Amino acid sequence: MVGLHKSEIKNPVINWIDTRLPLFTMMQKEYGVFPTPKNFNYFWNFGALAMINLMIMIATGIFLAMNYQPNTAMAFDSVERIVRDVNFGWLLRYAHANGASMFFIVTYIHIFRGLYYGSYKKPRELLWIIGVVILLLMMATAFMGYVLPWGQMSYWGATVITNLFSAIPVVGDYIVTLLWGGFSVDNPTLNRFFSLHYLLPFVITGVVFLHIVALHITGSNNPLGIEPKSEQDTLPFHPYYTIKDMVGVCVFLLIFAMLVFFAPDYLGHADNYIPANPLVTPAHIVPEWYFLPFYAILRSVPSKLGGVLMMFGAIAVLFVLPWLDTSPVRSAKFRPLYRKLLILFVVVTLVLGLCGAKPPSGIWVVIARVCTAWYFLHFLVILPLLGKFEKTLPLPESISNPVISVGGGPLPGAAFAKPMEKI
Amino acid sequence: MSATAHAPGDGHAPDHSKRDFLKLVAASSAAIGVGAIVWPMIDSMNPSGDVLALSSVEIELTAIPEGQGITAVWRGKPIFVRHRTAAEIKESVDVKLTALMDPQADADRVKAGHDQWLVVVGICTHLGCVPLGNKPTDMRGDFGGWFCPCHGSMYDVSGRVRHGPAPANLPVPEYAFMTDSRIKIG
C-alpha cells in the first residue's frame with residue numbers, strides 16, 4: 001500500500017475508484033486546475049473544436065457503417081438507402097460528409113494559429129510534428145472515405161491518386177498492384193479502403209492523445225509568444241476556458257448546422273451522384289476542396305515523379321518548420337515583416353486551391369506554378385533568412401504587464417524598456 | 001455589472017443563486033442537446049423504411065387441402081396456415097378451458113365464419129424451434145396439432161400448448177380475409 005496514490009476526492013465511491021485508477025485526479029489536474037495563459041484569443045478554441053469534430057465523425061461513421069455495404073455492386077445503392085430509408089439516415093450521411101469539411105476548416109485554422117504565433121518553436125517542436133502526423137492521417141482517412149460512396153468522383157479520384165505511386169522508380173507498379181489488390185481500382189480496393197477508413201480515426205485518436213500529452217508537458221503558447229512567468233499570468237482551465245470553449249462550440253455547431261440542413265451538397269461534387277463507371281472518365285476530375293492546393297502543386301510540375309515529390313514535399317516542409325524558422329521571436333505580433341509574408345502565404349495557398357479546381361490549362365498553369373514556387377520559397381528561403389535579418393518589435397515583460405496599470409495612471413513605460421527576450 | 005458584486009461589510013454569505021441558476025440552465029441545455037444528438041443515432045437502428053415496407057404478406061388459400069397446413073414467411077418468421085377438418089374444429093371448441101395450460105377459447109384464435117383456417121406463428125414458445133405437423137405424415141404429437149422435436153412440446157389443432165416445456169400458445173398474428181380465399185398478414 002506504500003506506493004498507492006492518495007486521492008484527495010471527498011466522495012467515498014469516487015475516492016475508491018480514484019485510488020486504484022486516478023482518472024478523476026488526472027482530469028482535475030489536466031483540465032480542471034491546469035494553469036493556462038490568461039490571454040488566449042479565440043484562435044485557441046480550434047484544438048478543442050477539432051477534438052469535438054473527431055468525436056462527431058466517429059459517432060456518425062459508426063452508425064453509417066451499420067447500413068453501408070462495401071461491395072462495388074451495392075455501395076452506391078446502400079448510401080442512397082441510408083439517405084432515403086434509414087431513420088435519420090439523411091442526417092447521419094450529411095453530418096458525416098459535411099463534418100469532414102468542417103474538420104479540415106477547423107484544422108487549417110488551428111495550423112494557421114501555430115504558424116502565426118510560433119507555436120512550433122522550442123520547446124513545442126515535437127508537439128508540432130505530432131500535429132503534422134495527425135494532418136497526414138486525416139488526409140488518408142478523408143481520401144479513403146470519399147471513395148466509399150462509389151460515385152464517379154470516388155472511383156476516378158481513387159484511380160488518379162493510387163496511380164501516383166507508379167511514379168516511384170523500379171517498384172512503383174508493384175506497389176500500385178498491391179494497393180489495388182488487382183489490376184485497377186475495383187472491389188478488393190473498395191473493401192480494404194472501408195476497413196482502413198474505419199481503423200484510421202482510432203489511430204488519429206491515439207495520436208491526438210499524444211498531442212495533448214506533449215502539450216501539457218510544455219504548456220500552451222499564447223498570443224504574445226512569451227512564457228508565463230508566474231501564476232499571475234495564468235488561469236485555471238476550468239471554468240475560464242471550458243466556458244470559452246463552449247462558446248466556440250456553439251459557433252462551430254451553428255456553421256455546421258447551416259451546411260448540413262441548408263446546403264448539404266454545396267461543398268460536394270455533383271458528379272459523385274453518378275454511379276462509378278470504369279469506362280468513362282469525367283471531364284474534370286477534382287478532389288474535395290480541402291485537397292485542392294496540393295492537387296494544384298501536383299499538376300504544376302510537368303514530370304510525373306516530380307509532381308508527386310512536390311505534393312508530398314508540401315507536407316514534408318511542415319515537419320521541419322521548427323528548424324527552418326530561425327527567428328528567436330515566437331509571435332507574429334512582434335514580427336511585422338513575417339506577419340505580412342505569412343498573410344501572403346495564406347493568399348498564395350488559397351490561390352493554389354482555386355487553381356486546383358480549374359482545368360490545368362492557360363493562365364491557371366502559370367499562376368499555379370508561380371504560387372507553387374512561392375509556397376516552397378516561403379518555407380525554404382524566406383523563413384531561414386527572416387530569422388537573421390528581420391527587425392522585430394520589443395517584447396513586453398510578461399503576459400500580465402501590458403495590461404496591469406499601476407494606480408489607475410497610464411501604462412508604465414518601463415514595461416517595454418527591457419531588451420528582446422531570448423527564448 | 002459591478003452593482004451585483006459583493007459590497008464589503010455586506011455581512012451575508014455570498015449569494016450564489018444566479019450562478020446556480022446559470023449552471024442549471026447550462027446543464028439542462030447540454031442534456032437536451034445530447035438527447036437531440038443521440039436520439040437520431042439510436043433511432044437509425046430501428047427498422048428502416050424498406051424493412052417496414054416488407055412487413056405485410058398475402059397468402060392464397062385455395063391450394064391448401066383439408067387436414068394440411070403450409071408454412072409461409074412473414075417478417076422473416078414461419079407462419080403456419082392450417083386448413084382444419086370439421087372434426088378438428090369440433091375437438092378444439094369442445095376442450096374445457098380449465099384443461100388448458102394457457103387458457104384461450106378456440107373462437108378467439110380464428111376469424112368468425114372462417115374457423116376452418118388457423119393462422120399462427122410457427123415458432124415454439126419454449127426456445128424458438130419450428131414445430132412439425134403441417135403435413136399429415138409429420139409427427140403431430142398427442143393432440144393432433146404440432147409437435148416440437150427439440151424438447152417435446154405439443155400443440156393442439158388450435159395451436160394451443162397442451163404439453164410443455166413451452167409456456168404459451170402459438171401466437172396468432174394480425175391478419176384479415178381479403179376474400180374467402182386470400183388473407184393478408186401484417
# chains A, B, ... in the order shown; residues from 1 in each chain; ligands from 1
$ select_by_dssp --residues "range 13-177 of chain B" --states "strand (DSSP E or B)" --output "MDAnalysis selection string"
chainID B and resid 57:60 69:74 77:83 117:121 132 144:147 154:156 161:163 175:177
$ closest_atom_pairs --of "chain A" --to "chain B" --cutoff "12 Å" --atoms "only C-alpha atoms" --output "Markdown table"
| residue | atom | partner | partner_atom | distance |
| --- | --- | --- | --- | --- |
| A:Ile56 | CA | B:Ile37 | CA | 9.7 |
| A:Ile58 | CA | B:Met41 | CA | 11.9 |
| A:Ala59 | CA | B:Met41 | CA | 8.3 |
| A:Thr60 | CA | B:Met41 | CA | 7.5 |
| A:Gly61 | CA | B:Met41 | CA | 10.4 |
| A:Ile62 | CA | B:Met41 | CA | 9.5 |
| A:Phe63 | CA | B:Met41 | CA | 6.6 |
| A:Leu64 | CA | B:Ser44 | CA | 8.9 |
| A:Ala65 | CA | B:Met45 | CA | 11.2 |
| A:Met66 | CA | B:Met45 | CA | 8.1 |
| A:Asn67 | CA | B:Met45 | CA | 9.1 |
| A:Ser78 | CA | B:Asp50 | CA | 11.7 |
| A:Glu80 | CA | B:Asp50 | CA | 11.8 |
| A:Arg81 | CA | B:Asp50 | CA | 8.3 |
| A:Ile82 | CA | B:Ser48 | CA | 8.7 |
| A:Val83 | CA | B:Gly49 | CA | 10.6 |
| A:Arg84 | CA | B:Gly49 | CA | 7.8 |
| A:Asp85 | CA | B:Gly49 | CA | 4.4 |
| A:Val86 | CA | B:Ser48 | CA | 4.4 |
| A:Asn87 | CA | B:Ser44 | CA | 4.5 |
| A:Phe88 | CA | B:Pro40 | CA | 5.6 |
| A:Gly89 | CA | B:Ser44 | CA | 6.4 |
| A:Trp90 | CA | B:Ser44 | CA | 9.9 |
| A:Leu91 | CA | B:Pro40 | CA | 8.0 |
| A:Leu92 | CA | B:Met41 | CA | 7.6 |
| A:Arg93 | CA | B:Met41 | CA | 11.2 |
| A:Ala95 | CA | B:Ile37 | CA | 11.0 |
| A:Pro239 | CA | B:Lys23 | CA | 11.5 |
| A:Ile243 | CA | B:Ala26 | CA | 10.2 |
| A:Met246 | CA | B:Ala26 | CA | 10.1 |
| A:Val247 | CA | B:Ala26 | CA | 11.6 |
| A:Val249 | CA | B:Ala30 | CA | 11.7 |
| A:Cys250 | CA | B:Gly33 | CA | 11.0 |
| A:Leu253 | CA | B:Gly33 | CA | 11.1 |
$ residues_around --residues "Ile399 in chain A" --least-positions-apart "3" --cutoff "12 Å" --atoms "only C-alpha atoms" --output "list of chain:residue names"
A:Thr36, A:Pro37, A:Lys38, A:Asn39, A:Phe40, A:Asn221, A:Asn222, A:Pro223, A:Leu224, A:Gly225, A:Ile226, A:Glu227, A:Pro228, A:Lys229, A:Ser230, A:Glu231, A:Gln232, A:Asp233, A:Thr234, A:Leu235, A:Leu395, A:Pro396, A:Pro402, A:Val403, A:Ile404, A:Ala415
$ residues_around --residues "Ala105 in chain B" --least-positions-apart "6" --cutoff "12 Å" --atoms "only C-alpha atoms" --output "ChimeraX atom specification"
/B:89,91-99,158-160,169
$ atom_distance --atom1 "CA of Ala314 in chain A" --atom2 "CA of Thr177 in chain A"
25.9 Å
$ closest_residue --among "B:Lys135, B:His83, B:His163, B:Lys77" --to "Met101 in chain B" --atoms "only C-alpha atoms"
B:His163
$ atom_distance --atom1 "CA of Met153 in chain A" --atom2 "CA of Tyr68 in chain A"
18.2 Å
$ atom_distance --atom1 "CA of Val351 in chain A" --atom2 "CA of Glu125 in chain A"
28.5 Å
$ residues_around --residues "range 323-336 of chain A" --least-positions-apart "3" --cutoff "8 Å" --atoms "only C-alpha atoms" --output "PDB file with N, CA and C atoms, in the first residue's frame"
ATOM      1  N   TYR A 116       1.208  31.544 -37.106  1.00  0.00           N
ATOM      2  CA  TYR A 116       1.230  32.962 -36.769  1.00  0.00           C
ATOM      3  C   TYR A 116       1.937  33.226 -35.448  1.00  0.00           C
ATOM      4  N   TYR A 117       1.619  32.411 -34.439  1.00  0.00           N
ATOM      5  CA  TYR A 117       2.123  32.679 -33.100  1.00  0.00           C
ATOM      6  C   TYR A 117       3.387  31.901 -32.746  1.00  0.00           C
ATOM      7  N   GLY A 118       3.955  31.176 -33.743  1.00  0.00           N
ATOM      8  CA  GLY A 118       5.214  30.476 -33.480  1.00  0.00           C
ATOM      9  C   GLY A 118       5.072  29.324 -32.506  1.00  0.00           C
ATOM     10  N   SER A 119       3.910  28.661 -32.531  1.00  0.00           N
ATOM     11  CA  SER A 119       3.686  27.567 -31.584  1.00  0.00           C
ATOM     12  C   SER A 119       4.530  26.349 -31.905  1.00  0.00           C
ATOM     13  N   LYS A 121       7.768  26.510 -32.291  1.00  0.00           N
ATOM     14  CA  LYS A 121       9.153  26.742 -31.863  1.00  0.00           C
ATOM     15  C   LYS A 121       9.452  26.059 -30.549  1.00  0.00           C
ATOM     16  N   PRO A 223      -0.877  34.384 -27.338  1.00  0.00           N
ATOM     17  CA  PRO A 223      -0.735  35.384 -28.399  1.00  0.00           C
ATOM     18  C   PRO A 223       0.513  36.245 -28.318  1.00  0.00           C
ATOM     19  N   LEU A 224       1.081  36.418 -27.123  1.00  0.00           N
ATOM     20  CA  LEU A 224       2.296  37.237 -27.021  1.00  0.00           C
ATOM     21  C   LEU A 224       3.557  36.436 -27.312  1.00  0.00           C
ATOM     22  N   GLY A 225       3.435  35.108 -27.250  1.00  0.00           N
ATOM     23  CA  GLY A 225       4.594  34.269 -27.538  1.00  0.00           C
ATOM     24  C   GLY A 225       5.634  34.251 -26.450  1.00  0.00           C
ATOM     25  N   ILE A 226       5.323  34.801 -25.262  1.00  0.00           N
ATOM     26  CA  ILE A 226       6.276  34.726 -24.155  1.00  0.00           C
ATOM     27  C   ILE A 226       5.709  33.817 -23.074  1.00  0.00           C
ATOM     28  N   VAL A 320       9.677  19.961 -40.878  1.00  0.00           N
ATOM     29  CA  VAL A 320      10.965  20.561 -40.478  1.00  0.00           C
ATOM     30  C   VAL A 320      10.849  22.051 -40.188  1.00  0.00           C
ATOM     31  N   ARG A 339       4.692  38.822 -40.380  1.00  0.00           N
ATOM     32  CA  ARG A 339       3.232  38.851 -40.403  1.00  0.00           C
ATOM     33  C   ARG A 339       2.716  39.074 -41.811  1.00  0.00           C
ATOM     34  N   LYS A 340       3.305  40.048 -42.506  1.00  0.00           N
ATOM     35  CA  LYS A 340       2.859  40.341 -43.882  1.00  0.00           C
ATOM     36  C   LYS A 340       3.114  39.157 -44.801  1.00  0.00           C
ATOM     37  N   PHE A 379       8.900  28.670 -47.172  1.00  0.00           N
ATOM     38  CA  PHE A 379       9.442  27.812 -46.125  1.00  0.00           C
ATOM     39  C   PHE A 379      10.950  27.686 -46.206  1.00  0.00           C
ATOM     40  N   LEU A 380      11.459  27.496 -47.449  1.00  0.00           N
ATOM     41  CA  LEU A 380      12.860  27.088 -47.565  1.00  0.00           C
ATOM     42  C   LEU A 380      13.829  28.257 -47.647  1.00  0.00           C
ATOM     43  N   LEU A 383      11.814  32.017 -44.585  1.00  0.00           N
ATOM     44  CA  LEU A 383      11.834  31.828 -43.129  1.00  0.00           C
ATOM     45  C   LEU A 383      13.252  31.763 -42.557  1.00  0.00           C
ATOM     46  N   PRO A 384      14.162  30.983 -43.176  1.00  0.00           N
ATOM     47  CA  PRO A 384      15.521  30.979 -42.608  1.00  0.00           C
ATOM     48  C   PRO A 384      16.159  32.372 -42.645  1.00  0.00           C
ATOM     49  N   LEU A 385      15.932  33.126 -43.745  1.00  0.00           N
ATOM     50  CA  LEU A 385      16.553  34.449 -43.849  1.00  0.00           C
ATOM     51  C   LEU A 385      15.952  35.452 -42.885  1.00  0.00           C
ATOM     52  N   LEU A 386      14.620  35.400 -42.735  1.00  0.00           N
ATOM     53  CA  LEU A 386      13.936  36.359 -41.853  1.00  0.00           C
ATOM     54  C   LEU A 386      14.528  36.339 -40.454  1.00  0.00           C
ATOM     55  N   GLY A 387      14.808  35.111 -39.982  1.00  0.00           N
ATOM     56  CA  GLY A 387      15.315  34.997 -38.622  1.00  0.00           C
ATOM     57  C   GLY A 387      16.582  35.812 -38.429  1.00  0.00           C
ATOM     58  N   LYS A 388      17.388  35.851 -39.517  1.00  0.00           N
ATOM     59  CA  LYS A 388      18.645  36.585 -39.393  1.00  0.00           C
ATOM     60  C   LYS A 388      18.453  38.083 -39.553  1.00  0.00           C
ATOM     61  N   GLU A 390      15.326  40.056 -39.867  1.00  0.00           N
ATOM     62  CA  GLU A 390      14.116  40.814 -39.537  1.00  0.00           C
ATOM     63  C   GLU A 390      14.340  41.678 -38.313  1.00  0.00           C
ATOM     64  N   LYS A 391      13.809  42.929 -38.369  1.00  0.00           N
ATOM     65  CA  LYS A 391      13.838  43.776 -37.207  1.00  0.00           C
ATOM     66  C   LYS A 391      12.531  43.570 -36.462  1.00  0.00           C
ATOM     67  N   THR A 392      12.616  42.922 -35.298  1.00  0.00           N
ATOM     68  CA  THR A 392      11.397  42.614 -34.561  1.00  0.00           C
ATOM     69  C   THR A 392      11.100  43.701 -33.542  1.00  0.00           C
ATOM     70  N   LEU A 393       9.847  43.742 -33.085  1.00  0.00           N
ATOM     71  CA  LEU A 393       9.443  44.713 -32.074  1.00  0.00           C
ATOM     72  C   LEU A 393       9.874  44.223 -30.698  1.00  0.00           C
ATOM     73  N   PRO A 394      10.068  45.153 -29.757  1.00  0.00           N
ATOM     74  CA  PRO A 394      10.467  44.714 -28.414  1.00  0.00           C
ATOM     75  C   PRO A 394       9.331  43.946 -27.730  1.00  0.00           C
ATOM     76  N   LEU A 395       9.699  42.920 -26.993  1.00  0.00           N
ATOM     77  CA  LEU A 395       8.704  42.082 -26.324  1.00  0.00           C
ATOM     78  C   LEU A 395       8.317  42.691 -24.984  1.00  0.00           C
ATOM     79  N   GLU A 421      13.608  39.498 -25.490  1.00  0.00           N
ATOM     80  CA  GLU A 421      13.766  38.316 -24.636  1.00  0.00           C
ATOM     81  C   GLU A 421      14.330  37.161 -25.450  1.00  0.00           C
ATOM     82  N   LYS A 422      15.326  36.521 -24.905  1.00  0.00           N
ATOM     83  CA  LYS A 422      15.875  35.329 -25.558  1.00  0.00           C
ATOM     84  C   LYS A 422      15.022  34.128 -25.150  1.00  0.00           C
ATOM     85  N   ILE A 423      14.643  33.358 -26.180  1.00  0.00           N
ATOM     86  CA  ILE A 423      13.807  32.212 -25.840  1.00  0.00           C
ATOM     87  C   ILE A 423      14.697  30.993 -25.620  1.00  0.00           C
TER      88      ILE A 423
END
$ select_by_dssp --residues "range 91-324 of chain A" --states "helix (DSSP H, G or I)" --output "count of residues only"
172
$ residues_around --residues "range 144-153 of chain B" --least-positions-apart "6" --cutoff "6 Å" --atoms "only C-alpha atoms" --output "list in words"
Pro131, Leu132, Gly133, His163, Gly164, Pro165 and Ala166 of chain B
$ residues_around --residues "Tyr146 in chain A" --least-positions-apart "5" --cutoff "12 Å" --atoms "only C-alpha atoms" --output "ChimeraX atom specification"
/A:76,96-98,100-101,139-141,151-158,190,193-194,197,268-269,272,286-289,291
$ write_last_selection --atoms "C-alpha atoms" --output "PDB file, in the first residue's frame"
ATOM      1  CA  PHE A  76     -23.768   3.355 -54.194  1.00  0.00           C
ATOM      2  CA  HIS A  96     -20.561  12.851 -41.787  1.00  0.00           C
ATOM      3  CA  ALA A  97     -19.857  14.356 -45.222  1.00  0.00           C
ATOM      4  CA  ASN A  98     -20.013  17.977 -44.067  1.00  0.00           C
ATOM      5  CA  ALA A 100     -15.263  16.118 -42.893  1.00  0.00           C
ATOM      6  CA  SER A 101     -15.207  19.592 -44.451  1.00  0.00           C
ATOM      7  CA  MET A 139      -5.908  13.260 -45.258  1.00  0.00           C
ATOM      8  CA  ALA A 140      -5.574   9.497 -45.709  1.00  0.00           C
ATOM      9  CA  THR A 141      -8.847   8.917 -43.870  1.00  0.00           C
ATOM     10  CA  GLY A 151     -19.643   7.606 -57.379  1.00  0.00           C
ATOM     11  CA  GLN A 152     -17.766   8.787 -60.467  1.00  0.00           C
ATOM     12  CA  MET A 153     -15.528  11.121 -58.469  1.00  0.00           C
ATOM     13  CA  SER A 154     -14.953   8.430 -55.838  1.00  0.00           C
ATOM     14  CA  TYR A 155     -13.748   5.951 -58.466  1.00  0.00           C
ATOM     15  CA  TRP A 156     -11.695   8.332 -60.584  1.00  0.00           C
ATOM     16  CA  GLY A 157     -10.179  10.176 -57.627  1.00  0.00           C
ATOM     17  CA  ALA A 158      -9.088   6.798 -56.267  1.00  0.00           C
ATOM     18  CA  LEU A 190     -13.120  -0.704 -52.005  1.00  0.00           C
ATOM     19  CA  PHE A 193     -10.439   1.210 -48.068  1.00  0.00           C
ATOM     20  CA  PHE A 194     -13.528   0.615 -45.915  1.00  0.00           C
ATOM     21  CA  HIS A 197     -11.222   4.117 -43.159  1.00  0.00           C
ATOM     22  CA  GLY A 268     -19.542  18.241 -52.751  1.00  0.00           C
ATOM     23  CA  HIS A 269     -19.367  17.492 -56.460  1.00  0.00           C
ATOM     24  CA  ASN A 272     -20.458  11.859 -57.341  1.00  0.00           C
ATOM     25  CA  VAL A 286     -11.356  17.240 -58.845  1.00  0.00           C
ATOM     26  CA  PRO A 287     -10.781  16.122 -55.273  1.00  0.00           C
ATOM     27  CA  GLU A 288     -12.715  17.603 -52.366  1.00  0.00           C
ATOM     28  CA  TRP A 289     -11.931  21.278 -51.656  1.00  0.00           C
ATOM     29  CA  PHE A 291      -7.117  18.771 -51.145  1.00  0.00           C
TER      30      PHE A 291
END
$ closest_residue --among "B:Ser55, B:Thr85, B:Asn134, B:Thr125" --to "Asp102 in chain B" --atoms "only C-alpha atoms"
B:Thr125
